[in-house]
$ cat structure26.cif   # mmCIF, C-alpha atoms
data_final
loop_
_atom_site.group_PDB
_atom_site.id
_atom_site.type_symbol
_atom_site.label_atom_id
_atom_site.label_comp_id
_atom_site.auth_asym_id
_atom_site.auth_seq_id
_atom_site.Cartn_x
_atom_site.Cartn_y
_atom_site.Cartn_z
ATOM 1 C CA MET A 16 12.684 -20.216 -73.268
ATOM 2 C CA ILE A 17 13.564 -16.499 -73.133
ATOM 3 C CA GLN A 18 15.920 -17.187 -70.194
ATOM 4 C CA SER A 19 17.726 -19.842 -72.258
ATOM 5 C CA ILE A 20 18.145 -17.435 -75.179
ATOM 6 C CA LYS A 21 19.511 -14.750 -72.819
ATOM 7 C CA LYS A 22 21.970 -17.223 -71.280
ATOM 8 C CA LEU A 23 23.056 -18.480 -74.690
ATOM 9 C CA THR A 24 23.557 -14.896 -75.915
ATOM 10 C CA ALA A 25 25.610 -14.057 -72.824
ATOM 11 C CA VAL A 26 27.810 -17.123 -73.321
ATOM 12 C CA VAL A 27 28.370 -16.290 -77.014
ATOM 13 C CA VAL A 28 29.312 -12.685 -76.180
ATOM 14 C CA LEU A 29 31.674 -13.851 -73.417
ATOM 15 C CA VAL A 30 33.383 -16.424 -75.666
ATOM 16 C CA ALA A 31 33.764 -13.856 -78.466
ATOM 17 C CA ALA A 32 35.270 -11.337 -76.036
ATOM 18 C CA LEU A 33 37.712 -13.854 -74.586
ATOM 19 C CA THR A 34 38.907 -15.151 -77.950
ATOM 20 C CA SER A 35 39.359 -11.667 -79.397
ATOM 21 C CA CYS A 36 41.445 -10.652 -76.369
ATOM 22 C CA ASN A 37 43.611 -13.729 -76.750
ATOM 23 C CA GLN A 38 45.219 -12.616 -79.994
ATOM 24 C CA GLY A 39 48.212 -11.036 -78.279
ATOM 25 C CA PRO A 40 49.975 -7.815 -79.170
ATOM 26 C CA THR A 41 50.387 -6.755 -82.781
ATOM 27 C CA LEU A 42 52.543 -4.099 -84.401
ATOM 28 C CA GLN A 43 49.401 -2.092 -85.047
ATOM 29 C CA THR A 44 48.450 -2.021 -81.352
ATOM 30 C CA TYR A 45 52.077 -1.306 -80.391
ATOM 31 C CA TYR A 46 52.114 1.604 -82.846
ATOM 32 C CA VAL A 47 48.827 3.044 -81.563
ATOM 33 C CA ASP A 48 49.825 2.582 -77.907
ATOM 34 C CA ASN A 49 53.174 4.358 -78.362
ATOM 35 C CA GLU A 50 52.848 6.923 -81.148
ATOM 36 C CA MET A 51 52.255 9.773 -78.661
ATOM 37 C CA GLN A 52 54.550 8.525 -75.897
ATOM 38 C CA PRO A 53 57.745 10.387 -74.908
ATOM 39 C CA GLY A 54 60.803 9.184 -76.797
ATOM 40 C CA PHE A 55 58.762 8.044 -79.807
ATOM 41 C CA MET A 56 58.196 9.765 -83.121
ATOM 42 C CA SER A 57 55.509 8.634 -85.542
ATOM 43 C CA PHE A 58 54.559 9.375 -89.135
ATOM 44 C CA ASP A 59 51.612 8.297 -91.226
ATOM 45 C CA VAL A 60 52.717 8.845 -94.801
ATOM 46 C CA PRO A 61 50.402 8.501 -97.821
ATOM 47 C CA THR A 62 51.916 7.321 -101.111
ATOM 48 C CA SER A 63 51.394 10.845 -102.453
ATOM 49 C CA PHE A 64 54.339 11.787 -100.206
ATOM 50 C CA ILE A 65 56.571 10.179 -102.823
ATOM 51 C CA ASP A 66 56.480 12.268 -105.990
ATOM 52 C CA VAL A 67 56.941 9.864 -108.900
ATOM 53 C CA GLU A 68 55.555 12.185 -111.549
ATOM 54 C CA GLY A 69 57.923 12.283 -114.482
ATOM 55 C CA ILE A 70 59.675 9.040 -113.500
ATOM 56 C CA GLU A 71 59.421 6.287 -116.071
ATOM 57 C CA MET A 72 58.142 3.064 -114.546
ATOM 58 C CA THR A 73 57.657 -0.408 -115.915
ATOM 59 C CA ASP A 74 54.200 -1.950 -115.675
ATOM 60 C CA GLU A 75 55.488 -4.064 -112.761
ATOM 61 C CA GLN A 76 56.766 -0.980 -110.913
ATOM 62 C CA ARG A 77 53.512 0.937 -111.536
ATOM 63 C CA GLU A 78 51.484 -2.028 -110.256
ATOM 64 C CA ALA A 79 53.683 -2.242 -107.148
ATOM 65 C CA TYR A 80 53.416 1.507 -106.506
ATOM 66 C CA ASP A 81 49.640 1.432 -106.939
ATOM 67 C CA SER A 82 49.306 -1.504 -104.518
ATOM 68 C CA VAL A 83 50.746 0.551 -101.629
ATOM 69 C CA ASP A 84 48.243 2.641 -99.663
ATOM 70 C CA LYS A 85 50.363 4.209 -96.951
ATOM 71 C CA LEU A 86 53.365 3.945 -94.728
ATOM 72 C CA ASN A 87 53.320 4.029 -90.911
ATOM 73 C CA ILE A 88 56.633 4.816 -89.251
ATOM 74 C CA LEU A 89 57.342 4.592 -85.532
ATOM 75 C CA ALA A 90 60.805 5.441 -84.261
ATOM 76 C CA TYR A 91 62.418 5.412 -80.828
ATOM 77 C CA ARG A 92 65.665 7.260 -80.249
ATOM 78 C CA VAL A 93 68.051 6.045 -77.575
ATOM 79 C CA ASP A 94 70.430 8.073 -75.444
ATOM 80 C CA GLU A 95 72.131 7.638 -72.064
ATOM 81 C CA SER A 96 69.042 8.789 -70.169
ATOM 82 C CA ASN A 97 66.617 6.219 -71.620
ATOM 83 C CA LEU A 98 68.783 3.159 -72.267
ATOM 84 C CA GLU A 99 66.751 0.949 -69.917
ATOM 85 C CA ASP A 100 63.444 2.043 -71.485
ATOM 86 C CA PHE A 101 64.930 1.542 -74.950
ATOM 87 C CA ASN A 102 65.857 -2.053 -74.159
ATOM 88 C CA ILE A 103 62.355 -2.730 -72.802
ATOM 89 C CA GLU A 104 60.711 -1.275 -75.924
ATOM 90 C CA LEU A 105 63.153 -3.037 -78.262
ATOM 91 C CA ASN A 106 62.413 -6.389 -76.616
ATOM 92 C CA GLN A 107 58.658 -5.773 -76.866
ATOM 93 C CA VAL A 108 58.935 -5.209 -80.618
ATOM 94 C CA LYS A 109 61.181 -8.245 -81.061
ATOM 95 C CA ASP A 110 58.669 -10.366 -79.104
ATOM 96 C CA ILE A 111 55.793 -9.170 -81.302
ATOM 97 C CA LEU A 112 57.762 -9.978 -84.450
ATOM 98 C CA LYS A 113 58.495 -13.520 -83.187
ATOM 99 C CA ASP A 114 54.822 -14.369 -83.751
ATOM 100 C CA THR A 115 54.592 -16.903 -86.584
ATOM 101 C CA LYS A 116 52.027 -14.774 -88.422
ATOM 102 C CA TYR A 117 54.895 -12.421 -89.334
ATOM 103 C CA GLU A 118 56.822 -14.257 -92.059
ATOM 104 C CA GLU A 119 60.448 -13.313 -92.605
ATOM 105 C CA LEU A 120 61.530 -12.124 -96.031
ATOM 106 C CA MET A 121 65.120 -11.117 -95.223
ATOM 107 C CA ARG A 122 67.463 -9.908 -92.494
ATOM 108 C CA GLY A 123 70.861 -8.305 -92.356
ATOM 109 C CA GLY A 124 73.241 -5.921 -90.681
ATOM 110 C CA ASN A 125 75.674 -6.445 -87.841
ATOM 111 C CA SER A 126 76.118 -5.658 -84.156
ATOM 112 C CA THR A 127 78.280 -2.592 -84.873
ATOM 113 C CA ASP A 128 76.207 -0.717 -87.460
ATOM 114 C CA GLY A 129 72.804 -2.126 -86.604
ATOM 115 C CA ARG A 130 70.471 -4.874 -87.709
ATOM 116 C CA PHE A 131 67.345 -5.014 -89.821
ATOM 117 C CA VAL A 132 64.655 -7.526 -90.641
ATOM 118 C CA VAL A 133 61.931 -7.468 -93.287
ATOM 119 C CA LYS A 134 58.765 -9.392 -92.482
ATOM 120 C CA PHE A 135 55.278 -9.502 -93.906
ATOM 121 C CA LEU A 136 51.692 -10.493 -93.236
ATOM 122 C CA GLY A 137 49.861 -12.409 -95.916
ATOM 123 C CA ASP A 138 51.291 -14.403 -98.793
ATOM 124 C CA VAL A 139 54.415 -13.443 -100.805
ATOM 125 C CA GLU A 140 52.197 -12.871 -103.840
ATOM 126 C CA ARG A 141 49.511 -11.004 -101.852
ATOM 127 C CA ILE A 142 51.147 -9.108 -98.997
ATOM 128 C CA ASP A 143 48.802 -7.113 -96.769
ATOM 129 C CA GLU A 144 51.533 -5.526 -94.661
ATOM 130 C CA LEU A 145 55.285 -5.312 -95.220
ATOM 131 C CA ILE A 146 57.310 -4.594 -92.071
ATOM 132 C CA LEU A 147 60.807 -3.138 -91.986
ATOM 133 C CA PHE A 148 62.370 -3.145 -88.533
ATOM 134 C CA GLY A 149 65.834 -1.774 -87.926
ATOM 135 C CA ASN A 150 67.802 -0.981 -84.804
ATOM 136 C CA ALA A 151 71.200 0.271 -83.758
ATOM 137 C CA LYS A 152 72.405 0.387 -80.151
ATOM 138 C CA ASP A 153 73.600 3.991 -80.434
ATOM 139 C CA LYS A 154 70.661 5.371 -82.476
ATOM 140 C CA GLY A 155 67.439 3.579 -81.544
ATOM 141 C CA PHE A 156 64.968 1.670 -83.653
ATOM 142 C CA VAL A 157 62.474 2.267 -86.409
ATOM 143 C CA ILE A 158 59.461 0.251 -87.510
ATOM 144 C CA ALA A 159 58.025 0.945 -90.950
ATOM 145 C CA ARG A 160 54.728 -0.687 -91.816
ATOM 146 C CA ILE A 161 53.929 -0.549 -95.536
ATOM 147 C CA LEU A 162 50.206 -1.115 -95.904
ATOM 148 C CA GLY A 163 48.406 -1.971 -99.106
ATOM 149 C CA ASP A 164 46.298 -4.412 -101.025
ATOM 150 C CA ASP A 165 47.711 -7.550 -102.615
ATOM 151 C CA MET A 166 51.274 -6.229 -102.665
ATOM 152 C CA ASN A 167 53.823 -8.540 -104.274
ATOM 153 C CA ALA A 168 57.300 -8.895 -102.718
ATOM 154 C CA LYS A 169 59.143 -9.176 -106.033
ATOM 155 C CA LYS A 170 57.295 -6.217 -107.526
ATOM 156 C CA LEU A 171 57.860 -4.101 -104.405
ATOM 157 C CA LEU A 172 61.603 -4.775 -104.652
ATOM 158 C CA SER A 173 61.493 -3.450 -108.217
ATOM 159 C CA LEU A 174 60.518 -0.036 -106.793
ATOM 160 C CA GLN A 175 64.021 0.488 -105.387
ATOM 161 C CA SER A 176 65.270 2.270 -108.520
ATOM 162 C CA VAL A 177 62.121 4.403 -108.659
ATOM 163 C CA LEU A 178 62.560 5.504 -105.038
ATOM 164 C CA GLN A 179 66.139 6.587 -105.732
ATOM 165 C CA LYS A 180 64.851 8.991 -108.407
ATOM 166 C CA ALA A 181 61.717 10.152 -106.548
ATOM 167 C CA ASN A 182 61.288 13.474 -104.799
ATOM 168 C CA PHE A 183 60.226 13.319 -101.176
ATOM 169 C CA GLU A 184 58.358 15.975 -99.256
ATOM 170 C CA ASP A 185 61.330 17.444 -97.397
ATOM 171 C CA SER A 186 59.630 18.396 -94.121
ATOM 172 C CA GLN A 187 58.612 14.936 -92.915
ATOM 173 C CA LEU A 188 61.712 13.158 -94.218
ATOM 174 C CA LYS A 189 63.981 15.784 -92.660
ATOM 175 C CA GLU A 190 62.216 15.363 -89.324
ATOM 176 C CA LEU A 191 62.863 11.601 -89.371
ATOM 177 C CA THR A 192 66.534 11.945 -90.353
ATOM 178 C CA GLU A 193 67.052 14.643 -87.712
ATOM 179 C CA PHE A 194 65.554 12.277 -85.166
ATOM 180 C CA PHE A 195 68.441 9.839 -85.640
ATOM 181 C CA LYS A 196 71.320 12.367 -85.673
#
$ encode --input "structure26.cif" --output "structure tokens"
Amino acid sequence: MIQSIKKLTAVVVLVAALTSCNQGPTLQTYYVDNEMQPGFMSFDVPTSFIDVEGIEMTDEQREAYDSVDKLNILAYRVDESNLEDFNIELNQVKDILKDTKYEELMRGGNSTDGRFVVKFLGDVERIDELILFGNAKDKGFVIARILGDDMNAKKLLSLQSVLQKANFEDSQLKELTEFFK
């Protein structure tokens, strides 16, 4: 009897391990695997980074702002010396984003100036993660993961006017913009 329980436990542990490994790559694992690698730059930005004090917000905008917990940014800058590596990394990100669990909200851009796509995890009314992915052949790419609880796509879009008026902590923002010069 004890041998049967041990065998059953071993089988359950093995099945759980195999199914958890079968989930494939995610943006989160890609971020963690590459945030310290050469050529990459990463930022973990809390919402307190965006100073909205003194900015009038509607109830919808306040709710959207409060639903965001933090922002993870991973960027890769391309130049002549790393073009091959850039293409490999770019294709890895594109492959991850092809997974059907990432639902597309919008896309745009062109081959000259660059392209972007906005995707999300969850439901449009209850987004768990909003993903902004942009790339340009002469600059590199950036992945921004906006993490929160029950974020709403429409309400998040209403934050655009608030962000235009907000003050940003200059040091981190300057570092990101310098990265793409």
$ residues_around --input "structure26.cif" --residues "Asn102 in chain A" --least-positions-apart "6" --cutoff "10 Å" --atoms "only C-alpha atoms" --output "NGL selection string"
:A and (93 or 108 or 152 or 155)
$ closest_residue --input "structure26.cif" --among "A:Leu136, A:Ile161, A:Leu98, A:Ala79" --to "Lys116 in chain A" --atoms "all atoms listed in the file"
A:Leu136
$ resolve_selection --input "structure26.cif" --expression "the PyMOL selection byres ((chain A and resi 89) around 12)" --output "ChimeraX atom specification"
/A:42-52,54-60,86-88,90-92,104,108,146-150,155-161,191,194
$ resolve_selection --input "structure26.cif" --expression "the PyMOL selection byres ((chain A and resi 67) around 12)" --output "PDB file with C-alpha atoms, keeping the file's coordinate frame"
ATOM      1  CA  THR A  62      51.916   7.321-101.111  1.00  0.00           C
ATOM      2  CA  SER A  63      51.394  10.845-102.453  1.00  0.00           C
ATOM      3  CA  PHE A  64      54.339  11.787-100.206  1.00  0.00           C
ATOM      4  CA  ILE A  65      56.571  10.179-102.823  1.00  0.00           C
ATOM      5  CA  ASP A  66      56.480  12.268-105.990  1.00  0.00           C
ATOM      6  CA  GLU A  68      55.555  12.185-111.549  1.00  0.00           C
ATOM      7  CA  GLY A  69      57.923  12.283-114.482  1.00  0.00           C
ATOM      8  CA  ILE A  70      59.675   9.040-113.500  1.00  0.00           C
ATOM      9  CA  GLU A  71      59.421   6.287-116.071  1.00  0.00           C
ATOM     10  CA  MET A  72      58.142   3.064-114.546  1.00  0.00           C
ATOM     11  CA  GLN A  76      56.766  -0.980-110.913  1.00  0.00           C
ATOM     12  CA  ARG A  77      53.512   0.937-111.536  1.00  0.00           C
ATOM     13  CA  TYR A  80      53.416   1.507-106.506  1.00  0.00           C
ATOM     14  CA  ASP A  81      49.640   1.432-106.939  1.00  0.00           C
ATOM     15  CA  LEU A 174      60.518  -0.036-106.793  1.00  0.00           C
ATOM     16  CA  SER A 176      65.270   2.270-108.520  1.00  0.00           C
ATOM     17  CA  VAL A 177      62.121   4.403-108.659  1.00  0.00           C
ATOM     18  CA  LEU A 178      62.560   5.504-105.038  1.00  0.00           C
ATOM     19  CA  GLN A 179      66.139   6.587-105.732  1.00  0.00           C
ATOM     20  CA  LYS A 180      64.851   8.991-108.407  1.00  0.00           C
ATOM     21  CA  ALA A 181      61.717  10.152-106.548  1.00  0.00           C
ATOM     22  CA  ASN A 182      61.288  13.474-104.799  1.00  0.00           C
ATOM     23  CA  PHE A 183      60.226  13.319-101.176  1.00  0.00           C
ATOM     24  CA  GLU A 184      58.358  15.975 -99.256  1.00  0.00           C
TER      25      GLU A 184
END
$ resolve_selection --input "structure26.cif" --expression "the PyMOL selection byres ((chain A and resi 114) around 12)" --output "PyMOL selection string"
chain A and resi 38-42+107-113+115-119+134-136
$ residues_around --input "structure26.cif" --residues "Met121 in chain A" --least-positions-apart "6" --cutoff "9 Å" --atoms "only C-alpha atoms" --output "NGL selection string"
:A and (131-134)
$ atom_distance --input "structure26.cif" --atom1 "CA of Met166 in chain A" --atom2 "CA of Val83 in chain A"
6.9 Å
$ residues_around --input "structure26.cif" --residues "Asp165 in chain A" --least-positions-apart "4" --cutoff "8 Å" --atoms "all atoms listed in the file" --output "PyMOL selection string"
chain A and resi 82+140-143
$ atom_distance --input "structure26.cif" --atom1 "CA of Ser173 in chain A" --atom2 "CA of Arg122 in chain A"
18.0 Å
$ atom_distance --input "structure26.cif" --atom1 "CA of Leu145 in chain A" --atom2 "CA of Glu78 in chain A"
15.9 Å
$ axis_aligned_box --input "structure26.cif" --around "range 147-151 of chain A" --padding-each-side "8 Å" --output "lines of an AutoDock Vina configuration file"
center_x = 66.0
center_y = -1.4
center_z = -87.9
size_x = 26.4
size_y = 19.4
size_z = 24.2
$ residues_around --input "structure26.cif" --residues "Ala168 in chain A" --least-positions-apart "3" --cutoff "7 Å" --atoms "only C-alpha atoms" --output "ChimeraX atom specification"
/A:139-140,171-172
